[in-house]
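Have a look at structure-v5.pdb; it's PDB, C-alpha atoms:
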```pdb
ATOM      1  CA  MET A 161     105.853 182.802 280.409
ATOM      2  CA  MET A 162     107.226 185.814 282.175
ATOM      3  CA  THR A 163     108.713 187.512 279.170
ATOM      4  CA  ASP A 164     105.799 189.920 278.854
ATOM      5  CA  PHE A 165     106.920 191.555 282.029
ATOM      6  CA  THR A 166     110.619 191.742 281.471
ATOM      7  CA  GLN A 167     111.966 195.100 280.519
ATOM      8  CA  GLU A 168     114.458 195.771 277.822
ATOM      9  CA  PRO A 169     117.969 195.849 279.211
ATOM     10  CA  ASN A 170     118.677 199.354 280.359
ATOM     11  CA  GLN A 171     120.651 201.377 277.854
ATOM     12  CA  SER A 172     122.173 203.914 280.215
ATOM     13  CA  GLY A 173     125.715 203.221 281.366
ATOM     14  CA  VAL A 174     125.061 203.724 285.056
ATOM     15  CA  ASP A 175     122.701 200.820 285.308
ATOM     16  CA  THR A 176     123.697 198.078 287.671
ATOM     17  CA  LEU A 177     120.305 196.992 288.932
ATOM     18  CA  THR A 178     118.984 195.446 285.776
ATOM     19  CA  GLN A 179     121.927 193.101 285.619
ATOM     20  CA  SER A 180     121.807 192.101 289.226
ATOM     21  CA  TYR A 181     118.060 191.546 289.131
ATOM     22  CA  GLN A 182     117.720 190.039 285.694
ATOM     23  CA  ASP A 183     117.667 186.553 287.175
ATOM     24  CA  GLN A 184     115.141 187.593 289.806
ATOM     25  CA  TRP A 185     112.614 188.511 287.170
ATOM     26  CA  GLY A 186     112.333 184.869 286.281
ATOM     27  CA  ALA A 187     110.537 184.226 289.524
ATOM     28  CA  LEU A 188     108.824 181.172 288.129
ATOM     29  CA  ASP A 189     112.063 179.386 287.285
ATOM     30  CA  GLN A 190     112.720 178.551 290.900
ATOM     31  CA  ILE A 191     109.091 177.943 291.722
ATOM     32  CA  GLU A 192     109.596 174.224 292.378
ATOM     33  CA  GLU A 193     111.697 174.990 295.424
ATOM     34  CA  ALA A 194     109.120 177.355 296.856
ATOM     35  CA  SER A 195     106.477 176.583 299.436
ATOM     36  CA  ALA A 196     103.111 175.063 298.668
ATOM     37  CA  PHE A 197     101.372 178.405 299.014
ATOM     38  CA  VAL A 198     103.619 180.069 296.479
ATOM     39  CA  GLN A 199     103.218 177.146 294.085
ATOM     40  CA  MET A 200      99.460 177.346 294.352
ATOM     41  CA  MET A 201      99.531 181.084 293.707
ATOM     42  CA  ALA A 202     101.724 180.649 290.674
ATOM     43  CA  SER A 203      99.472 178.072 289.042
ATOM     44  CA  ASN A 204      96.871 178.840 286.395
ATOM     45  CA  ASP A 205      98.806 181.674 284.779
ATOM     46  CA  LEU A 206      99.090 183.682 288.003
ATOM     47  CA  ILE A 207      95.356 184.316 288.164
ATOM     48  CA  PHE A 208      95.476 183.810 291.927
ATOM     49  CA  VAL A 209      97.726 186.833 292.160
ATOM     50  CA  VAL A 210      94.886 188.905 290.747
ATOM     51  CA  LEU A 211      92.549 187.307 293.257
ATOM     52  CA  GLY A 212      94.957 188.166 296.053
ATOM     53  CA  VAL A 213      95.295 191.753 294.916
ATOM     54  CA  SER A 214      91.549 192.288 294.743
ATOM     55  CA  LEU A 215      91.149 190.586 298.122
ATOM     56  CA  ILE A 216      93.689 192.953 299.657
ATOM     57  CA  ILE A 217      91.809 195.973 298.347
ATOM     58  CA  TRP A 218      88.506 194.539 299.506
ATOM     59  CA  LEU A 219      89.792 193.785 302.987
ATOM     60  CA  VAL A 220      91.291 197.242 303.413
ATOM     61  CA  LEU A 221      88.052 198.861 302.275
ATOM     62  CA  LEU A 222      86.095 196.559 304.594
ATOM     63  CA  PHE A 223      88.330 197.576 307.469
ATOM     64  CA  PHE A 224      87.642 201.204 306.608
ATOM     65  CA  LEU A 225      83.886 200.574 306.553
ATOM     66  CA  VAL A 226      83.924 198.818 309.903
ATOM     67  CA  ARG A 227      85.812 201.743 311.398
ATOM     68  CA  VAL A 228      83.318 204.273 310.045
ATOM     69  CA  ASP A 229      80.476 202.100 311.287
ATOM     70  CA  ARG A 230      81.922 202.043 314.778
ATOM     71  CA  LYS A 231      82.459 205.804 314.760
ATOM     72  CA  VAL A 232      78.885 206.407 313.659
ATOM     73  CA  SER A 233      77.502 204.187 316.402
ATOM     74  CA  ARG A 234      79.470 206.174 318.940
ATOM     75  CA  LEU A 235      77.938 209.300 317.441
ATOM     76  CA  GLU A 236      74.505 207.724 317.726
ATOM     77  CA  GLU A 237      75.043 207.174 321.407
ATOM     78  CA  MET A 238      75.992 210.828 321.739
ATOM     79  CA  VAL A 239      72.841 211.878 319.921
ATOM     80  CA  ASP A 240      70.626 209.654 322.030
ATOM     81  CA  GLY A 241      72.188 211.205 325.083
ATOM     82  CA  SER A 242      71.289 214.730 324.007
ATOM     83  CA  GLU A 243      68.287 215.684 321.915
ATOM     84  CA  PRO A 244      66.456 213.877 319.097
ATOM     85  CA  ALA A 245      66.710 216.783 316.651
ATOM     86  CA  ASN A 246      69.940 215.561 315.100
ATOM     87  CA  GLN A 247      68.883 211.979 314.745
ATOM     88  CA  GLN A 248      67.712 212.271 311.161
ATOM     89  CA  GLU A 249      71.081 213.523 309.992
ATOM     90  CA  ASN A 250      72.760 210.750 311.806
ATOM     91  CA  GLN A 251      70.706 208.002 310.281
ATOM     92  CA  LYS A 252      71.471 209.345 306.859
ATOM     93  CA  ASP A 253      75.138 208.951 307.639
ATOM     94  CA  ASN A 254      74.667 205.502 309.013
ATOM     95  CA  SER A 255      72.788 204.022 306.091
ATOM     96  CA  ASN A 256      75.483 204.866 303.582
ATOM     97  CA  PRO A 257      78.284 202.478 304.508
ATOM     98  CA  GLU A 258      75.914 199.562 304.487
ATOM     99  CA  GLU A 259      74.559 200.390 301.083
ATOM    100  CA  ALA A 260      78.082 200.413 299.770
ATOM    101  CA  ILE A 261      78.419 196.696 300.261
ATOM    102  CA  ARG A 262      75.386 195.800 298.202
TER     103      ARG A 262
ATOM    104  CA  MET B 184      78.888 207.244 290.866
ATOM    105  CA  THR B 185      77.899 203.822 292.138
ATOM    106  CA  VAL B 186      76.857 202.954 288.602
ATOM    107  CA  VAL B 187      80.332 203.830 287.386
ATOM    108  CA  ILE B 188      81.921 201.606 290.018
ATOM    109  CA  THR B 189      79.595 198.716 289.325
ATOM    110  CA  ALA B 190      80.148 199.013 285.607
ATOM    111  CA  GLY B 191      83.867 199.043 286.212
ATOM    112  CA  PHE B 192      83.621 195.805 288.098
ATOM    113  CA  LEU B 193      81.291 194.118 285.644
ATOM    114  CA  ILE B 194      83.249 194.975 282.549
ATOM    115  CA  ARG B 195      86.456 194.012 284.192
ATOM    116  CA  ILE B 196      85.952 190.297 284.478
ATOM    117  CA  PRO B 197      84.679 189.074 281.089
ATOM    118  CA  HIS B 198      86.848 191.317 278.938
ATOM    119  CA  ILE B 199      90.297 190.382 279.982
ATOM    120  CA  PRO B 200      91.787 187.316 278.373
ATOM    121  CA  ILE B 201      94.033 189.613 276.333
ATOM    122  CA  LEU B 202      97.254 189.297 278.245
ATOM    123  CA  GLU B 203      97.200 186.107 280.242
ATOM    124  CA  GLU B 204      98.659 186.014 283.747
ATOM    125  CA  SER B 205      98.588 188.816 286.221
ATOM    126  CA  ALA B 206      98.292 191.690 283.766
ATOM    127  CA  ARG B 207      94.797 192.193 285.126
ATOM    128  CA  ASN B 208      96.365 193.681 288.198
ATOM    129  CA  LEU B 209      96.760 196.817 286.121
ATOM    130  CA  PHE B 210      93.095 197.554 286.767
ATOM    131  CA  LEU B 211      93.549 197.275 290.500
ATOM    132  CA  HIS B 212      97.068 198.263 291.434
ATOM    133  CA  VAL B 213      97.568 201.325 289.236
ATOM    134  CA  PRO B 214      94.226 203.079 290.013
ATOM    135  CA  MET B 215      95.148 202.839 293.699
ATOM    136  CA  TRP B 216      98.036 205.222 293.122
ATOM    137  CA  PHE B 217      96.014 207.487 290.837
ATOM    138  CA  THR B 218      93.326 207.741 293.496
ATOM    139  CA  MET B 219      95.897 208.383 296.197
ATOM    140  CA  MET B 220      97.344 211.183 294.099
ATOM    141  CA  ILE B 221      93.902 212.773 293.601
ATOM    142  CA  ALA B 222      93.098 212.480 297.296
ATOM    143  CA  PHE B 223      96.373 214.105 298.314
ATOM    144  CA  THR B 224      95.858 216.878 295.785
ATOM    145  CA  MET B 225      92.470 217.530 297.365
ATOM    146  CA  ALA B 226      94.055 217.514 300.808
ATOM    147  CA  PHE B 227      96.636 220.014 299.553
ATOM    148  CA  TYR B 228      93.880 222.289 298.283
ATOM    149  CA  PHE B 229      91.869 222.039 301.508
ATOM    150  CA  SER B 230      94.929 222.745 303.644
ATOM    151  CA  ILE B 231      95.615 225.924 301.673
ATOM    152  CA  ARG B 232      91.988 226.917 302.012
ATOM    153  CA  PHE B 233      92.207 226.403 305.758
ATOM    154  CA  LEU B 234      95.260 228.614 306.110
ATOM    155  CA  ASN B 235      93.466 231.180 303.994
ATOM    156  CA  ASP B 236      90.294 231.675 306.019
ATOM    157  CA  GLU B 237      90.669 229.364 309.052
ATOM    158  CA  GLN B 238      87.280 227.691 308.791
ATOM    159  CA  MET B 239      87.326 224.371 310.629
ATOM    160  CA  GLU B 240      85.401 222.845 307.742
ATOM    161  CA  TRP B 241      88.553 222.918 305.584
ATOM    162  CA  ASP B 242      90.573 221.254 308.298
ATOM    163  CA  ARG B 243      88.064 218.406 308.503
ATOM    164  CA  LYS B 244      88.067 217.983 304.762
ATOM    165  CA  ALA B 245      91.853 218.029 304.579
ATOM    166  CA  GLU B 246      92.051 215.363 307.261
ATOM    167  CA  THR B 247      89.567 213.067 305.543
ATOM    168  CA  ALA B 248      91.205 213.515 302.160
ATOM    169  CA  THR B 249      94.573 212.605 303.646
ATOM    170  CA  MET B 250      93.094 209.610 305.418
ATOM    171  CA  VAL B 251      91.423 208.250 302.296
ATOM    172  CA  GLY B 252      94.590 208.890 300.319
ATOM    173  CA  LEU B 253      96.594 206.981 302.893
ATOM    174  CA  VAL B 254      94.155 204.057 302.765
ATOM    175  CA  PHE B 255      94.531 203.842 299.005
ATOM    176  CA  GLY B 256      98.286 204.283 299.204
ATOM    177  CA  ILE B 257      98.575 201.378 301.631
ATOM    178  CA  CYS B 258      96.384 199.315 299.297
ATOM    179  CA  GLY B 259      98.749 200.177 296.471
ATOM    180  CA  LEU B 260     101.786 199.182 298.518
ATOM    181  CA  LEU B 261     100.335 195.836 299.609
ATOM    182  CA  THR B 262      99.099 194.898 296.145
ATOM    183  CA  GLY B 263     102.392 195.997 294.626
ATOM    184  CA  SER B 264     104.255 193.815 297.077
ATOM    185  CA  LEU B 265     102.130 190.797 296.243
ATOM    186  CA  TRP B 266     102.492 191.424 292.543
ATOM    187  CA  ALA B 267     106.233 191.812 292.888
ATOM    188  CA  ARG B 268     106.506 188.427 294.578
ATOM    189  CA  PHE B 269     105.311 186.685 291.441
ATOM    190  CA  THR B 270     106.950 188.807 288.791
ATOM    191  CA  TRP B 271     110.202 189.874 290.383
ATOM    192  CA  GLY B 272     110.440 186.953 292.776
ATOM    193  CA  THR B 273     110.586 188.865 296.043
ATOM    194  CA  TRP B 274     108.124 190.502 298.404
ATOM    195  CA  TRP B 275     110.329 193.489 298.967
ATOM    196  CA  THR B 276     113.623 194.628 297.581
ATOM    197  CA  PHE B 277     115.559 197.563 298.902
ATOM    198  CA  ALA B 278     117.198 198.077 295.544
ATOM    199  CA  GLU B 279     113.893 199.129 293.966
ATOM    200  CA  PRO B 280     113.581 202.913 294.327
ATOM    201  CA  ARG B 281     109.886 203.267 293.553
ATOM    202  CA  MET B 282     108.864 200.693 296.124
ATOM    203  CA  ASN B 283     110.901 202.203 298.935
ATOM    204  CA  LEU B 284     110.140 205.817 298.137
ATOM    205  CA  SER B 285     106.402 205.160 298.053
ATOM    206  CA  ALA B 286     106.712 203.439 301.425
ATOM    207  CA  LEU B 287     108.537 206.534 302.636
ATOM    208  CA  ALA B 288     105.725 208.717 301.305
ATOM    209  CA  MET B 289     103.212 206.623 303.242
ATOM    210  CA  LEU B 290     105.264 207.117 306.397
ATOM    211  CA  ILE B 291     105.128 210.888 305.883
ATOM    212  CA  PHE B 292     101.357 210.736 306.048
ATOM    213  CA  VAL B 293     101.284 208.328 308.967
ATOM    214  CA  ALA B 294     103.356 210.998 310.697
ATOM    215  CA  TYR B 295     100.657 213.516 309.779
ATOM    216  CA  PHE B 296      98.128 211.654 311.912
ATOM    217  CA  ILE B 297     100.590 211.209 314.742
ATOM    218  CA  LEU B 298     101.188 214.956 314.618
ATOM    219  CA  ARG B 299      97.460 215.598 314.742
ATOM    220  CA  SER B 300      97.009 213.425 317.795
ATOM    221  CA  ALA B 301      99.689 215.380 319.616
ATOM    222  CA  PHE B 302      97.579 218.528 320.033
ATOM    223  CA  ASN B 303      94.549 219.066 322.215
ATOM    224  CA  ASP B 304      93.662 222.540 321.023
ATOM    225  CA  PRO B 305      91.737 222.079 317.752
ATOM    226  CA  VAL B 306      92.711 225.388 316.169
ATOM    227  CA  LYS B 307      96.389 224.936 316.875
ATOM    228  CA  ARG B 308      96.228 221.345 315.669
ATOM    229  CA  ALA B 309      94.482 222.404 312.482
ATOM    230  CA  LYS B 310      97.023 225.100 311.700
ATOM    231  CA  ILE B 311     100.134 223.062 312.309
ATOM    232  CA  SER B 312      98.827 219.984 310.538
ATOM    233  CA  ALA B 313      97.767 222.096 307.546
ATOM    234  CA  VAL B 314     101.284 223.460 307.255
ATOM    235  CA  TYR B 315     102.735 219.977 307.638
ATOM    236  CA  ASN B 316     100.337 218.602 305.062
ATOM    237  CA  ILE B 317     101.252 221.205 302.452
ATOM    238  CA  PHE B 318     104.902 220.516 303.123
ATOM    239  CA  GLY B 319     104.407 216.752 302.953
ATOM    240  CA  ILE B 320     102.370 216.735 299.788
ATOM    241  CA  THR B 321     104.956 218.790 297.910
ATOM    242  CA  THR B 322     107.406 215.932 298.444
ATOM    243  CA  ILE B 323     105.089 213.414 296.793
ATOM    244  CA  PRO B 324     105.787 214.236 293.129
ATOM    245  CA  PHE B 325     109.502 214.000 293.806
ATOM    246  CA  LEU B 326     109.277 210.755 295.706
ATOM    247  CA  LEU B 327     106.868 208.998 293.389
ATOM    248  CA  TYR B 328     107.544 210.446 289.967
ATOM    249  CA  ILE B 329     110.832 212.242 289.575
ATOM    250  CA  ILE B 330     113.377 210.211 291.522
ATOM    251  CA  PRO B 331     112.128 206.738 290.491
ATOM    252  CA  ARG B 332     112.328 207.769 286.854
ATOM    253  CA  GLN B 333     115.887 208.938 287.220
ATOM    254  CA  LEU B 334     117.107 205.731 288.800
ATOM    255  CA  PRO B 335     117.248 202.355 287.121
ATOM    256  CA  SER B 336     114.415 200.206 288.359
ATOM    257  CA  LEU B 337     112.450 197.065 287.711
ATOM    258  CA  HIS B 338     109.167 198.885 287.897
ATOM    259  CA  PRO B 339     107.632 199.811 284.531
ATOM    260  CA  GLY B 340     108.167 203.438 283.672
ATOM    261  CA  ALA B 341     111.655 203.527 285.085
ATOM    262  CA  GLU B 342     113.240 204.824 281.935
ATOM    263  CA  GLY B 343     111.351 208.082 281.911
ATOM    264  CA  ASN B 344     108.289 206.980 279.983
ATOM    265  CA  PRO B 345     104.974 206.162 281.597
ATOM    266  CA  ALA B 346     104.195 202.558 282.297
ATOM    267  CA  PHE B 347     101.722 202.294 279.493
ATOM    268  CA  SER B 348     104.256 201.985 276.685
ATOM    269  CA  ASP B 349     105.399 198.537 275.678
ATOM    270  CA  LEU B 350     104.433 196.259 278.524
ATOM    271  CA  THR B 351     100.719 196.608 278.045
ATOM    272  CA  ALA B 352      98.273 195.979 275.252
ATOM    273  CA  PRO B 353      96.129 198.891 274.043
ATOM    274  CA  GLU B 354      92.957 196.915 274.719
ATOM    275  CA  LEU B 355      93.646 197.146 278.432
ATOM    276  CA  ARG B 356      92.898 200.845 278.345
ATOM    277  CA  ILE B 357      89.207 200.205 277.675
ATOM    278  CA  ILE B 358      88.865 198.723 281.123
ATOM    279  CA  PHE B 359      91.645 200.671 282.765
ATOM    280  CA  TYR B 360      90.133 204.144 282.458
ATOM    281  CA  PRO B 361      86.687 203.248 283.846
ATOM    282  CA  ALA B 362      88.475 201.484 286.679
ATOM    283  CA  VAL B 363      90.441 204.639 287.467
ATOM    284  CA  ILE B 364      87.288 206.738 287.373
ATOM    285  CA  GLY B 365      85.451 204.185 289.483
ATOM    286  CA  PHE B 366      88.076 204.082 292.194
ATOM    287  CA  ILE B 367      88.340 207.863 292.275
ATOM    288  CA  GLY B 368      84.562 208.046 292.584
ATOM    289  CA  LEU B 369      84.703 205.535 295.418
ATOM    290  CA  ALA B 370      87.341 207.623 297.169
ATOM    291  CA  VAL B 371      85.303 210.814 296.799
ATOM    292  CA  TRP B 372      82.307 209.006 298.220
ATOM    293  CA  MET B 373      84.297 207.735 301.196
ATOM    294  CA  MET B 374      85.473 211.283 301.843
ATOM    295  CA  ASP B 375      81.914 212.542 301.624
ATOM    296  CA  ILE B 376      80.660 210.034 304.203
ATOM    297  CA  LEU B 377      83.498 210.877 306.566
ATOM    298  CA  ASN B 378      82.988 214.609 306.096
ATOM    299  CA  ARG B 379      79.305 214.378 306.902
ATOM    300  CA  TYR B 380      80.090 212.290 309.957
ATOM    301  CA  LYS B 381      82.612 214.860 311.138
ATOM    302  CA  ALA B 382      80.283 217.782 310.476
ATOM    303  CA  VAL B 383      77.528 216.195 312.579
ATOM    304  CA  LYS B 384      79.995 215.392 315.340
ATOM    305  CA  TYR B 385      81.346 218.937 315.285
ATOM    306  CA  ARG B 386      77.864 220.398 315.591
ATOM    307  CA  LEU B 387      77.036 218.077 318.476
ATOM    308  CA  GLU B 388      80.185 219.048 320.307
ATOM    309  CA  ILE B 389      79.405 222.726 319.907
ATOM    310  CA  GLU B 390      75.893 222.210 321.223
ATOM    311  CA  GLN B 391      77.132 220.354 324.245
ATOM    312  CA  ILE B 392      79.510 223.100 325.316
TER     313      ILE B 392
END
```

What would the structure in this file look like if it were written as structure tokens?
Amino acid sequence: MMTDFTQEPNQSGVDTLTQSYQDQWGALDQIEEASAFVQMMASNDLIFVVLGVSLIIWLVLLFFLVRVDRKVSRLEEMVDGSEPANQQENQKDNSNPEEAIR
Amino acid sequence: MTVVITAGFLIRIPHIPILEESARNLFLHVPMWFTMMIAFTMAFYFSIRFLNDEQMEWDRKAETATMVGLVFGICGLLTGSLWARFTWGTWWTFAEPRMNLSALAMLIFVAYFILRSAFNDPVKRAKISAVYNIFGITTIPFLLYIIPRQLPSLHPGAEGNPAFSDLTAPELRIIFYPAVIGFIGLAVWMMDILNRYKAVKYRLEIEQI
């Protein structure tokens, strides 16, 4: 199952890593001893790994959005404190991160 | 730009049953690093522009570009770690040069923001961080491309050829390139939002003084 990912044995003489890690590439061989979470992830041809990867990216981007949102609200408070002339600009900034989600 | 991203996401899901298993990660993990590289190149350019004419605009842009690049780099590290768990069998191995050197590269840019927070005077901060940024970004090609290809490694592309050679099917490219473009577009958009935010904030601060 994992052979698609295994590299050819390294031809150069200095290589020691390929040998020492060759057994580690067969991660699924020892999967029975692993925890329930790892077993679940490894089922269905590793599709859950793809899910996990996309979830990681999504969560990091979401974190980024929340941070920008908070910064913009602080800016809004600053604008409300001073004059209304800049408010239009500010709202333009604010609407963007929310549109990104949809 | 949004259309490109959406298309990238829509095409991605139905098309893939080419290589079973986690080969689909190629569309997510690899564009992260491409995007990071583009963002850092932009930061490099903006830092040089700042040292050239000392407009604060370039400093703001350099900071945002570095921040977005760092966000994508951290994404790439986390996804790579998860992927490695199920192909190499370990979350992290210190014998894998590419993994550790990219983590080191991320630390260089975390240090960039720590350096920025150490100064109160904006002009001084902008100058020193621009110099640091130029210095830091020149290390990136060595850390991410040259050294990992010289050392034996589990990561594809370790033997001097790019990762696209024998591990991947040619059909993957159809989805891979739009995904790269989509993520780069997303990064540029994020930078744009941040830049506008910073420009408005800068103007407000000037008015208040």

Choose the residue, out of B:Ile323, B:Leu290, B:Met373, B:Met219, that has the smallest atom-to-atom separation from chain A; count all atoms listed in the file. B:Met373

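Within 12 Å of Lys231 in chain A, once only C-alpha atoms are used and residues closer than 2 positions along the same chain are dropped, the contacting residues are A:Phe224, A:Leu225, A:Val226, A:Arg227, A:Val228, A:Asp229, A:Ser233, A:Arg234, A:Leu235, A:Glu236, A:Glu237, A:Met238, A:Asn250, A:Asp253, A:Asn254, A:Pro257, B:Ile376, B:Leu377, B:Tyr380, B:Lys381, B:Val383, B:Lys384.
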
Selection above as a file: C-alpha atoms, as a tab-separated table (two decimals), in the coordinates of the input:
```tsv
chain	number	residue	atom	x	y	z
A	224	PHE	CA	87.64	201.20	306.61
A	225	LEU	CA	83.89	200.57	306.55
A	226	VAL	CA	83.92	198.82	309.90
A	227	ARG	CA	85.81	201.74	311.40
A	228	VAL	CA	83.32	204.27	310.04
A	229	ASP	CA	80.48	202.10	311.29
A	233	SER	CA	77.50	204.19	316.40
A	234	ARG	CA	79.47	206.17	318.94
A	235	LEU	CA	77.94	209.30	317.44
A	236	GLU	CA	74.50	207.72	317.73
A	237	GLU	CA	75.04	207.17	321.41
A	238	MET	CA	75.99	210.83	321.74
A	250	ASN	CA	72.76	210.75	311.81
A	253	ASP	CA	75.14	208.95	307.64
A	254	ASN	CA	74.67	205.50	309.01
A	257	PRO	CA	78.28	202.48	304.51
B	376	ILE	CA	80.66	210.03	304.20
B	377	LEU	CA	83.50	210.88	306.57
B	380	TYR	CA	80.09	212.29	309.96
B	381	LYS	CA	82.61	214.86	311.14
B	383	VAL	CA	77.53	216.20	312.58
B	384	LYS	CA	80.00	215.39	315.34
```

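In this structure, CA of Ala362 in chain B sits 6.8 Å away from CA of Pro214 in chain B.
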
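For the atom pair formed by CA of Pro280 in chain B and CA of Met250 in chain B, the distance is 24.2 Å, given to one decimal.
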
A straight line from CA of Pro305 in chain B to CA of Asp236 in chain B spans 15.2 Å

Find the residue from B:Gln238, B:Asn283, B:Arg232, B:Met374 that sits nearest to Ile330 in chain B; use only C-alpha atoms when measuring. B:Asn283

Exactly which residues make up the result of the PyMOL selection byres ((chain B and resi 322) around 12) on this file, given as JSON, numbers by chain? {"B": [220, 223, 224, 227, 284, 285, 287, 288, 289, 291, 292, 315, 316, 317, 318, 319, 320, 321, 323, 324, 325, 326, 327, 328, 329, 330]}

To test the calculation: enclose all listed atoms of range 208-218 of chain A in a box whose edges run along x, y and z, add 3 Å on each side, then state centre and edge lengths in Å to one decimal, as AutoDock Vina command-line options.
```
--center_x 93.1 --center_y 189.9 --center_z 295.2 --size_x 15.2 --size_y 18.2 --size_z 14.9
```

Measuring between all atoms listed in the file, which one of B:Ile231, B:Met225, B:Ala309, B:Val251 shows the shortest distance to chain A?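 Between B:Ile231, B:Met225, B:Ala309, B:Val251, the residue approaching chain A most closely is B:Val251.
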
With distances taken over all atoms listed in the file, which residue among B:Phe229, B:Phe255, B:Phe210, B:Trp216 lies nearest Tyr360 in chain B?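 Using all atoms listed in the file, Tyr360 in chain B sits closest to B:Phe210.
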